[in-house]
$ cat data.csv   # CSV, C-alpha atoms
chain,number,residue,atom,x,y,z
A,602,MET,CA,-3.1,13.1,58.5
A,603,HIS,CA,-6.5,12.6,56.9
A,604,ALA,CA,-6.4,16.1,55.5
A,605,LEU,CA,-3.0,15.5,53.8
A,606,LEU,CA,-4.3,12.2,52.3
A,607,PHE,CA,-7.4,14.0,51.0
A,608,LEU,CA,-5.3,16.7,49.3
A,609,ALA,CA,-3.0,14.1,47.8
A,610,LEU,CA,-5.9,12.2,46.3
A,611,LEU,CA,-7.5,15.4,45.2
A,612,PHE,CA,-4.6,16.5,43.1
A,613,PHE,CA,-3.4,13.1,42.0
A,614,VAL,CA,-3.6,12.6,38.2
A,615,PRO,CA,-2.6,9.3,36.6
A,616,ALA,CA,0.4,9.7,34.3
A,617,GLY,CA,-1.6,8.6,31.3
A,618,CYS,CA,-4.2,11.3,31.9
A,619,ILE,CA,-1.9,14.4,31.8
A,620,PRO,CA,-3.3,16.6,29.1
A,621,GLY,CA,-1.0,17.2,26.1
A,622,ASN,CA,1.7,14.8,27.4
A,623,LYS,CA,1.8,12.1,24.7
A,624,THR,CA,5.1,10.6,26.0
A,625,LEU,CA,3.5,9.1,29.2
A,626,VAL,CA,0.9,6.9,27.4
A,627,GLY,CA,2.3,3.6,26.2
A,628,PRO,CA,1.1,2.4,22.8
A,629,PRO,CA,-1.1,-0.7,22.4
A,630,ALA,CA,0.9,-3.9,22.1
A,631,PHE,CA,1.9,-4.9,18.5
A,632,GLU,CA,-0.2,-8.0,18.7
A,633,ALA,CA,-3.2,-6.2,20.1
A,634,ILE,CA,-3.9,-4.3,16.9
A,635,GLU,CA,-5.4,-6.1,13.9
A,636,LYS,CA,-3.2,-5.6,10.9
A,637,ILE,CA,-4.1,-5.9,7.2
A,638,ASP,CA,-1.1,-5.4,4.9
A,639,LEU,CA,-2.9,-4.1,1.8
A,640,HIS,CA,0.2,-4.4,-0.4
A,641,ALA,CA,2.0,-7.8,-0.4
A,642,HIS,CA,3.2,-10.2,-3.0
A,643,ILE,CA,3.6,-13.6,-1.3
A,644,PHE,CA,3.3,-16.1,-4.2
A,645,GLU,CA,4.7,-19.2,-2.6
A,646,TYR,CA,3.7,-21.5,0.2
A,647,ILE,CA,6.0,-21.1,3.1
A,648,PRO,CA,5.5,-23.7,5.9
A,649,GLY,CA,4.9,-22.1,9.2
A,650,PHE,CA,4.2,-18.6,7.8
A,651,ALA,CA,0.5,-18.8,8.4
A,652,GLU,CA,1.1,-19.5,12.1
A,653,VAL,CA,3.4,-16.5,12.3
A,654,LEU,CA,0.7,-14.3,10.8
A,655,LYS,CA,-1.9,-15.5,13.2
A,656,GLU,CA,0.3,-15.1,16.2
A,657,ASN,CA,0.9,-11.5,15.2
A,658,ASN,CA,-2.7,-10.6,14.3
A,659,LEU,CA,-1.6,-10.0,10.7
A,660,ARG,CA,-3.2,-10.6,7.3
A,661,LEU,CA,-1.6,-10.1,3.9
A,662,VAL,CA,-3.4,-9.0,0.7
A,663,ASN,CA,-1.6,-10.6,-2.3
A,664,ILE,CA,-1.5,-8.3,-5.3
A,665,CYS,CA,-1.1,-9.5,-8.8
A,666,VAL,CA,1.0,-7.4,-11.2
A,667,VAL,CA,2.8,-7.4,-14.6
A,668,ALA,CA,-0.2,-7.8,-16.9
A,669,VAL,CA,1.5,-7.4,-20.2
A,670,ASP,CA,2.5,-11.1,-20.2
A,671,PRO,CA,-0.7,-13.2,-20.4
A,672,GLU,CA,1.0,-16.4,-19.1
A,673,HIS,CA,2.4,-14.5,-16.1
A,674,VAL,CA,-1.0,-13.0,-15.3
A,675,LYS,CA,-2.6,-16.4,-15.5
A,676,TRP,CA,0.0,-18.0,-13.3
A,677,MET,CA,0.0,-15.3,-10.7
A,678,GLU,CA,-3.8,-15.2,-10.3
A,679,GLU,CA,-3.9,-19.0,-10.1
A,680,VAL,CA,-1.4,-18.9,-7.2
A,681,ALA,CA,-3.3,-16.0,-5.5
A,682,GLU,CA,-6.5,-18.0,-5.8
A,683,LEU,CA,-4.9,-21.1,-4.4
A,684,MET,CA,-3.4,-19.2,-1.4
A,685,HIS,CA,-6.8,-17.7,-0.7
A,686,LEU,CA,-8.5,-21.0,-1.1
A,687,ASN,CA,-6.2,-22.7,1.4
A,688,PHE,CA,-5.8,-19.8,3.9
A,689,GLY,CA,-9.0,-17.8,3.5
A,690,SER,CA,-9.1,-14.3,5.0
A,691,LEU,CA,-5.4,-14.7,6.0
A,692,HIS,CA,-4.5,-14.2,2.3
A,693,PRO,CA,-7.1,-12.1,0.4
A,694,PHE,CA,-6.0,-11.1,-3.0
A,695,ALA,CA,-6.2,-8.4,-5.7
A,696,CYS,CA,-6.4,-9.6,-9.3
A,697,THR,CA,-5.2,-7.6,-12.2
A,698,PHE,CA,-6.4,-7.5,-15.8
A,699,PRO,CA,-4.7,-8.4,-19.1
A,700,LEU,CA,-2.8,-5.7,-21.0
A,701,ASP,CA,-2.0,-7.7,-24.1
A,702,ARG,CA,-3.9,-7.3,-27.4
A,703,ILE,CA,-5.4,-4.1,-26.1
A,704,TYR,CA,-6.2,-2.7,-29.5
A,705,GLU,CA,-7.9,-5.8,-30.8
A,706,PRO,CA,-11.8,-5.6,-31.1
A,707,GLY,CA,-13.6,-6.7,-28.0
A,708,TYR,CA,-10.7,-5.9,-25.6
A,709,GLN,CA,-12.9,-4.2,-23.0
A,710,GLN,CA,-15.4,-7.0,-23.0
A,711,ARG,CA,-12.6,-9.6,-22.6
A,712,VAL,CA,-11.3,-7.7,-19.6
A,713,GLU,CA,-14.8,-7.5,-18.1
A,714,ARG,CA,-15.2,-11.2,-18.3
A,715,TRP,CA,-11.7,-11.7,-16.9
A,716,LEU,CA,-12.5,-9.5,-13.9
A,717,ASP,CA,-15.9,-11.0,-13.3
A,718,ASN,CA,-14.3,-14.5,-13.2
A,719,ALA,CA,-11.6,-13.3,-10.8
A,720,PHE,CA,-14.2,-11.8,-8.5
A,721,GLU,CA,-16.1,-15.1,-8.5
A,722,GLN,CA,-12.9,-16.8,-7.5
A,723,GLY,CA,-12.6,-14.5,-4.5
A,724,ALA,CA,-10.6,-11.4,-5.7
A,725,ALA,CA,-11.5,-8.5,-3.4
A,726,LEU,CA,-10.2,-5.8,-5.7
A,727,THR,CA,-8.1,-5.3,-8.8
A,728,LYS,CA,-4.7,-3.7,-9.5
A,729,LEU,CA,-3.4,-1.5,-12.3
A,730,TRP,CA,0.4,-1.4,-12.5
A,731,LYS,CA,2.9,1.2,-13.7
A,732,GLU,CA,3.2,-0.5,-17.1
A,733,VAL,CA,0.4,1.9,-18.0
A,734,GLY,CA,2.0,5.3,-18.3
A,735,MET,CA,5.6,4.1,-18.3
A,736,GLU,CA,5.9,1.1,-20.7
A,737,LEU,CA,3.0,0.6,-23.0
A,738,LYS,CA,2.5,2.9,-26.1
A,739,THR,CA,-0.4,3.8,-28.4
A,740,PRO,CA,-0.4,2.9,-32.1
A,741,SER,CA,0.8,6.4,-32.8
A,742,GLY,CA,3.9,5.9,-30.6
A,743,ASP,CA,2.8,8.0,-27.7
A,744,TRP,CA,2.8,6.8,-24.1
A,745,LEU,CA,-0.4,5.0,-23.1
A,746,MET,CA,-1.7,6.9,-20.2
A,747,PRO,CA,-4.0,5.5,-17.5
A,748,ASP,CA,-6.7,8.0,-18.4
A,749,ASP,CA,-6.8,6.9,-22.0
A,750,PRO,CA,-10.5,6.4,-23.2
A,751,LEU,CA,-9.5,2.7,-23.8
A,752,PHE,CA,-9.8,2.1,-20.1
A,753,ASP,CA,-13.0,4.1,-19.4
A,754,PRO,CA,-15.4,1.1,-19.9
A,755,ILE,CA,-13.2,-1.0,-17.5
A,756,TYR,CA,-13.3,1.7,-14.8
A,757,ASP,CA,-17.0,2.0,-15.3
A,758,HIS,CA,-17.4,-1.8,-14.9
A,759,LEU,CA,-15.5,-1.8,-11.7
A,760,ALA,CA,-17.6,1.1,-10.3
A,761,LYS,CA,-20.8,-0.8,-11.2
A,762,ARG,CA,-19.5,-3.9,-9.5
A,763,GLY,CA,-18.6,-1.9,-6.4
A,764,LYS,CA,-15.0,-3.1,-6.7
A,765,SER,CA,-12.0,-1.0,-5.7
A,766,LEU,CA,-9.1,-0.3,-8.1
A,767,ILE,CA,-5.6,-0.1,-6.5
A,768,ALA,CA,-3.2,1.6,-8.9
A,769,HIS,CA,0.5,2.0,-8.9
A,770,LEU,CA,1.0,4.8,-11.4
A,771,ALA,CA,4.4,6.6,-11.8
A,772,GLU,CA,7.2,6.2,-9.3
A,773,PRO,CA,8.5,8.3,-6.5
A,774,LYS,CA,9.6,11.7,-7.8
A,775,ILE,CA,13.2,10.7,-6.9
A,776,ALA,CA,13.2,8.3,-9.9
A,777,TRP,CA,13.5,11.4,-12.1
A,778,LEU,CA,16.3,12.9,-10.0
A,779,PRO,CA,20.0,12.1,-9.8
A,780,LEU,CA,21.2,9.3,-7.6
A,781,ALA,CA,23.0,10.3,-4.5
A,782,PRO,CA,26.8,10.3,-4.9
A,783,GLY,CA,28.2,6.9,-4.4
A,784,ASP,CA,24.8,5.2,-4.3
A,785,SER,CA,25.1,1.6,-5.5
A,786,THR,CA,22.5,-0.1,-3.4
A,787,SER,CA,19.2,1.8,-3.6
A,788,TYR,CA,16.3,0.5,-5.6
A,789,TYR,CA,17.0,2.8,-8.5
A,790,ALA,CA,20.7,2.0,-8.5
A,791,THR,CA,19.9,-1.7,-8.8
A,792,HIS,CA,16.9,-1.2,-11.1
A,793,PRO,CA,18.2,1.3,-13.6
A,794,GLU,CA,15.2,0.5,-16.0
A,795,TRP,CA,13.0,2.5,-13.5
A,796,HIS,CA,15.5,5.4,-13.1
A,797,PHE,CA,14.7,8.2,-15.4
A,798,TYR,CA,17.1,11.0,-14.7
A,799,GLY,CA,18.4,12.6,-17.9
A,800,ARG,CA,16.3,10.3,-20.1
A,801,GLU,CA,14.2,11.7,-22.9
A,802,ASP,CA,12.5,8.4,-23.8
A,803,VAL,CA,10.2,8.4,-20.8
A,804,PRO,CA,7.2,10.5,-19.8
A,805,SER,CA,7.5,13.1,-17.1
A,806,TYR,CA,6.4,12.5,-13.5
A,807,GLU,CA,4.0,15.4,-13.8
A,808,ARG,CA,2.3,13.9,-16.9
A,809,ILE,CA,1.6,10.6,-15.2
A,810,ILE,CA,0.3,12.2,-12.0
A,811,ALA,CA,-2.0,14.5,-14.1
A,812,ALA,CA,-3.4,11.4,-15.9
A,813,ARG,CA,-4.1,9.7,-12.6
A,814,ASP,CA,-5.9,12.8,-11.4
A,815,ASN,CA,-8.0,12.9,-14.5
A,816,ILE,CA,-9.2,9.3,-13.8
A,817,LEU,CA,-10.4,10.5,-10.4
A,818,GLN,CA,-12.2,13.4,-12.1
A,819,LYS,CA,-13.8,11.4,-14.8
A,820,HIS,CA,-14.9,8.5,-12.6
A,821,PRO,CA,-16.2,9.8,-9.3
A,822,ASP,CA,-18.0,6.6,-8.6
A,823,LEU,CA,-14.9,4.5,-8.8
A,824,THR,CA,-13.2,3.7,-5.5
A,825,PHE,CA,-9.6,4.4,-6.3
A,826,ILE,CA,-6.7,3.5,-4.0
A,827,GLY,CA,-3.4,5.2,-4.8
A,828,ALA,CA,-0.7,2.6,-4.1
A,829,HIS,CA,2.5,3.8,-2.5
A,830,LEU,CA,0.7,7.0,-1.2
A,831,GLY,CA,-0.3,7.8,-4.8
A,832,SER,CA,3.4,8.3,-5.8
A,833,LEU,CA,3.2,11.6,-3.8
A,834,GLU,CA,5.1,10.1,-0.9
A,835,HIS,CA,7.6,13.0,-0.7
A,836,ASP,CA,5.0,15.5,0.4
A,837,VAL,CA,1.9,14.9,2.5
A,838,ASP,CA,0.6,18.3,1.5
A,839,MET,CA,0.3,17.0,-2.1
A,840,ILE,CA,-1.6,13.9,-0.9
A,841,ALA,CA,-3.9,16.1,1.2
A,842,GLU,CA,-4.6,18.3,-1.8
A,843,ARG,CA,-5.9,15.3,-3.8
A,844,LEU,CA,-7.8,13.8,-0.8
A,845,GLU,CA,-9.6,17.2,-0.5
A,846,ARG,CA,-10.3,17.4,-4.3
A,847,TYR,CA,-11.3,13.8,-5.0
A,848,PRO,CA,-13.7,12.1,-2.5
A,849,ASN,CA,-13.2,8.8,-4.3
A,850,PHE,CA,-9.4,8.8,-3.6
A,851,GLN,CA,-7.7,6.8,-0.9
A,852,VAL,CA,-4.1,5.9,-0.4
A,853,GLU,CA,-2.1,3.0,1.0
A,854,LEU,CA,1.4,3.1,2.4
A,855,GLY,CA,3.1,0.3,0.4
A,856,SER,CA,6.7,0.5,1.7
A,857,ARG,CA,6.6,4.4,1.7
A,858,THR,CA,6.7,4.8,5.5
A,859,VAL,CA,10.4,5.6,5.1
A,860,PHE,CA,9.4,8.7,3.1
A,861,LEU,CA,7.0,9.8,5.8
A,862,ALA,CA,9.8,9.4,8.4
A,863,GLN,CA,11.9,12.0,6.4
A,864,GLN,CA,9.2,14.7,6.8
A,865,PRO,CA,8.5,16.6,10.0
A,866,SER,CA,6.7,14.3,12.5
A,867,ALA,CA,4.2,16.9,13.6
A,868,LYS,CA,3.1,17.5,10.0
A,869,VAL,CA,2.8,13.8,9.2
A,870,ARG,CA,0.9,13.1,12.5
A,871,GLU,CA,-1.5,15.9,11.7
A,872,PHE,CA,-2.0,14.5,8.2
A,873,LEU,CA,-2.7,11.0,9.4
A,874,ILE,CA,-5.2,12.2,12.1
A,875,ARG,CA,-7.0,14.6,9.7
A,876,TYR,CA,-7.3,11.9,7.0
A,877,GLN,CA,-7.6,9.0,9.3
A,878,ASP,CA,-10.4,7.5,7.2
A,879,ARG,CA,-8.5,7.6,3.9
A,880,VAL,CA,-5.1,6.0,4.6
A,881,MET,CA,-4.3,2.2,4.7
A,882,TYR,CA,-1.3,0.3,5.7
A,883,GLY,CA,0.9,-1.7,3.3
A,884,THR,CA,4.6,-2.9,3.0
A,885,ASP,CA,5.1,-4.3,-0.5
A,886,ILE,CA,6.7,-7.4,1.0
A,887,ALA,CA,7.4,-10.0,-1.7
A,888,ARG,CA,8.3,-13.6,-2.2
A,889,VAL,CA,7.9,-14.5,-5.9
A,890,PRO,CA,9.4,-17.7,-7.4
A,891,GLY,CA,11.8,-16.8,-10.1
A,892,GLU,CA,12.7,-13.6,-8.4
A,893,ASN,CA,13.5,-15.1,-5.0
A,894,GLU,CA,15.2,-18.4,-4.4
A,895,GLU,CA,13.1,-21.0,-2.6
A,896,LEU,CA,13.5,-20.9,1.2
A,897,GLU,CA,15.2,-23.9,2.7
A,898,PRO,CA,13.8,-25.1,6.0
A,899,ASP,CA,16.7,-23.7,8.0
A,900,GLN,CA,16.2,-20.3,6.3
A,901,ARG,CA,12.6,-19.9,7.2
A,902,PRO,CA,13.1,-18.6,10.8
A,903,GLU,CA,15.3,-15.8,9.5
A,904,PHE,CA,12.7,-14.9,6.9
A,905,PHE,CA,10.0,-14.8,9.6
A,906,ARG,CA,12.3,-12.6,11.8
A,907,SER,CA,13.0,-10.2,9.0
A,908,VAL,CA,9.3,-9.9,8.1
A,909,LEU,CA,8.3,-9.2,11.7
A,910,GLU,CA,11.2,-6.7,12.0
A,911,THR,CA,9.7,-4.7,9.1
A,912,TYR,CA,6.2,-4.7,10.6
A,913,ARG,CA,7.4,-3.9,14.1
A,914,ARG,CA,9.7,-1.1,12.9
A,915,ASP,CA,6.7,0.5,11.1
A,916,TYR,CA,4.4,0.0,14.1
A,917,ASN,CA,7.0,1.6,16.4
A,918,TYR,CA,7.0,4.7,14.2
A,919,TYR,CA,3.2,5.0,14.0
A,920,SER,CA,2.4,4.1,17.6
A,921,GLY,CA,5.6,4.9,19.6
A,922,ASN,CA,6.6,7.9,21.6
A,923,GLY,CA,9.7,10.1,21.5
A,924,MET,CA,12.8,9.6,19.4
A,925,ILE,CA,13.3,6.2,17.8
A,926,ASP,CA,15.6,4.5,15.3
A,927,TYR,CA,14.1,4.1,11.9
A,928,ASN,CA,16.3,2.6,9.2
A,929,GLY,CA,19.4,3.8,11.0
A,930,LYS,CA,18.1,7.3,11.5
A,931,GLN,CA,16.7,9.1,14.5
A,932,VAL,CA,13.1,10.2,14.0
A,933,GLU,CA,10.3,11.2,16.2
A,934,ALA,CA,7.6,8.6,16.5
A,935,LEU,CA,4.0,9.7,15.8
A,936,ALA,CA,2.2,8.4,18.9
A,937,LEU,CA,-1.0,8.1,16.9
A,938,PRO,CA,-4.2,7.5,19.0
A,939,ARG,CA,-5.4,4.0,19.2
A,940,GLU,CA,-8.5,4.7,17.1
A,941,VAL,CA,-6.4,6.1,14.3
A,942,LEU,CA,-4.0,3.1,14.5
A,943,GLU,CA,-7.0,0.7,14.2
A,944,LYS,CA,-8.3,2.5,11.1
A,945,LEU,CA,-4.8,2.8,9.5
A,946,TYR,CA,-4.0,-0.9,10.1
A,947,ALA,CA,-7.3,-2.6,9.3
A,948,GLY,CA,-10.5,-0.6,9.8
A,949,ASN,CA,-10.3,1.4,6.6
A,950,ALA,CA,-9.3,-1.5,4.5
A,951,ARG,CA,-12.3,-3.6,5.7
A,952,ARG,CA,-14.7,-0.7,5.2
A,953,ILE,CA,-13.4,0.4,1.8
A,954,ILE,CA,-12.8,-3.0,0.3
A,955,PRO,CA,-15.8,-5.4,0.8
A,956,GLY,CA,-14.7,-9.0,0.6
A,957,LEU,CA,-11.5,-8.9,2.6
A,958,ASP,CA,-13.0,-11.1,5.2
A,959,ASN,CA,-14.3,-13.7,2.8
$ encode --input "data.csv" --output "structure tokens"
Amino acid sequence: MHALLFLALLFFVPAGCIPGNKTLVGPPAFEAIEKIDLHAHIFEYIPGFAEVLKENNLRLVNICVVAVDPEHVKWMEEVAELMHLNFGSLHPFACTFPLDRIYEPGYQQRVERWLDNAFEQGAALTKLWKEVGMELKTPSGDWLMPDDPLFDPIYDHLAKRGKSLIAHLAEPKIAWLPLAPGDSTSYYATHPEWHFYGREDVPSYERIIAARDNILQKHPDLTFIGAHLGSLEHDVDMIAERLERYPNFQVELGSRTVFLAQQPSAKVREFLIRYQDRVMYGTDIARVPGENEELEPDQRPEFFRSVLETYRRDYNYYSGNGMIDYNGKQVEALALPREVLEKLYAGNARRIIPGLDN
């Protein structure tokens, strides 16, 4: 009897310790992982929302955008500063910089003063939006690209200040491709101004990406974060190529998890593990007055539920095991190791962007 018990104990291996069997190890609880959403636009006070964030170990970085309208920029930064003042590290924020009167003398100095003031008010980083490369033009009528010498002094100033630039340049490559037959509900079907298939009045996807790459080459001391996976979301190999080529390049997910879920899970998992120090989490969640109707008190619980559904769906994809439902499709979850999850969800953002905890 004692001999049988000895043999049983000798060959007993806890399920979670079986080598190579990732399906037997449960993921950390959703609430157990600190989460910093590096890409959010919550520009209104929603009673009860702060408590929801705290309960779920979640913080949102509010990002200011649309810099061609000076009044809009001023309003958005005032709201972001107020949210940060009232909620502290629960709502860090990224300022942007004005894109009006860009060819008037002293433009770069005006932007530097603007940025310095925003950083004094608590901005942790700054944002460059897709207006540059896709909307603004030079005096000669050409598209104003993000690597234009006009912006070089601004990038240098950010590098000297040790401040990160998060940049949404270009769009997903599908914006230049035909809509799927019968598509009437996708982003590009409902925002035709950003759908470029068959149009000759817009720059090519390749031109904008090349301009972004040129910034990385010209400004190696600038900490550059490619929003939305650097608009390379359709192919992790293309992202990896830039991460290898440019040590100053990082990316954040910004609502592009759905694109990763369309690629082979083993390939995506290998990418996220290999570049575990260079990728950060984000959703692009938004509540902006004028774009969204104000939530009535009885509508808030549904808003909270839908927000948490988004975060939990993503977390299930990155942390879970086996086949899962993601946006109505069966995909294989990635079962990322806990140390990779911790970097993806908060560790990288805190390391790369000083000031998120202020």
$ closest_residue --input "data.csv" --among "A:Arg702, A:Arg800, A:Arg711, A:His642" --to "Met684 of chain A" --atoms "all atoms listed in the file"
A:His642
$ closest_residue --input "data.csv" --among "A:Leu823, A:Val653, A:Leu778, A:Met746" --to "Lys764 of chain A" --atoms "only C-alpha atoms"
A:Leu823
$ atom_distance --input "data.csv" --atom1 "atom CA of Asp638 of chain A" --atom2 "atom CA of Arg888 of chain A"
14.4 Å
$ residues_around --input "data.csv" --residues "His829 of chain A" --least-positions-apart "4" --cutoff "9 Å" --atoms "all atoms listed in the file" --output "compact mmCIF listing (two decimals) with C-alpha atoms, in the frame of the given file"
# COMPACT_ATOMS: atom_id res chain seq x y z
CA HIS A 640 0.20 -4.40 -0.40
CA ALA A 768 -3.20 1.60 -8.90
CA HIS A 769 0.50 2.00 -8.90
CA GLU A 772 7.20 6.20 -9.30
CA PRO A 773 8.50 8.30 -6.50
CA LEU A 833 3.20 11.60 -3.80
CA GLU A 834 5.10 10.10 -0.90
CA VAL A 852 -4.10 5.90 -0.40
CA GLU A 853 -2.10 3.00 1.00
CA LEU A 854 1.40 3.10 2.40
CA GLY A 855 3.10 0.30 0.40
CA SER A 856 6.70 0.50 1.70
CA ARG A 857 6.60 4.40 1.70
CA GLY A 883 0.90 -1.70 3.30
CA THR A 884 4.60 -2.90 3.00
CA ASP A 885 5.10 -4.30 -0.50
$ atom_distance --input "data.csv" --atom1 "atom CA of Tyr882 of chain A" --atom2 "atom CA of Leu945 of chain A"
5.7 Å
$ closest_residue --input "data.csv" --among "A:Ala781, A:Ala719, A:Leu654, A:Ile634" --to "Val941 of chain A" --atoms "all atoms listed in the file"
A:Ile634
$ closest_residue --input "data.csv" --among "A:Asn959, A:Thr697, A:Asn917, A:Gln710" --to "Met677 of chain A" --atoms "all atoms listed in the file"
A:Thr697
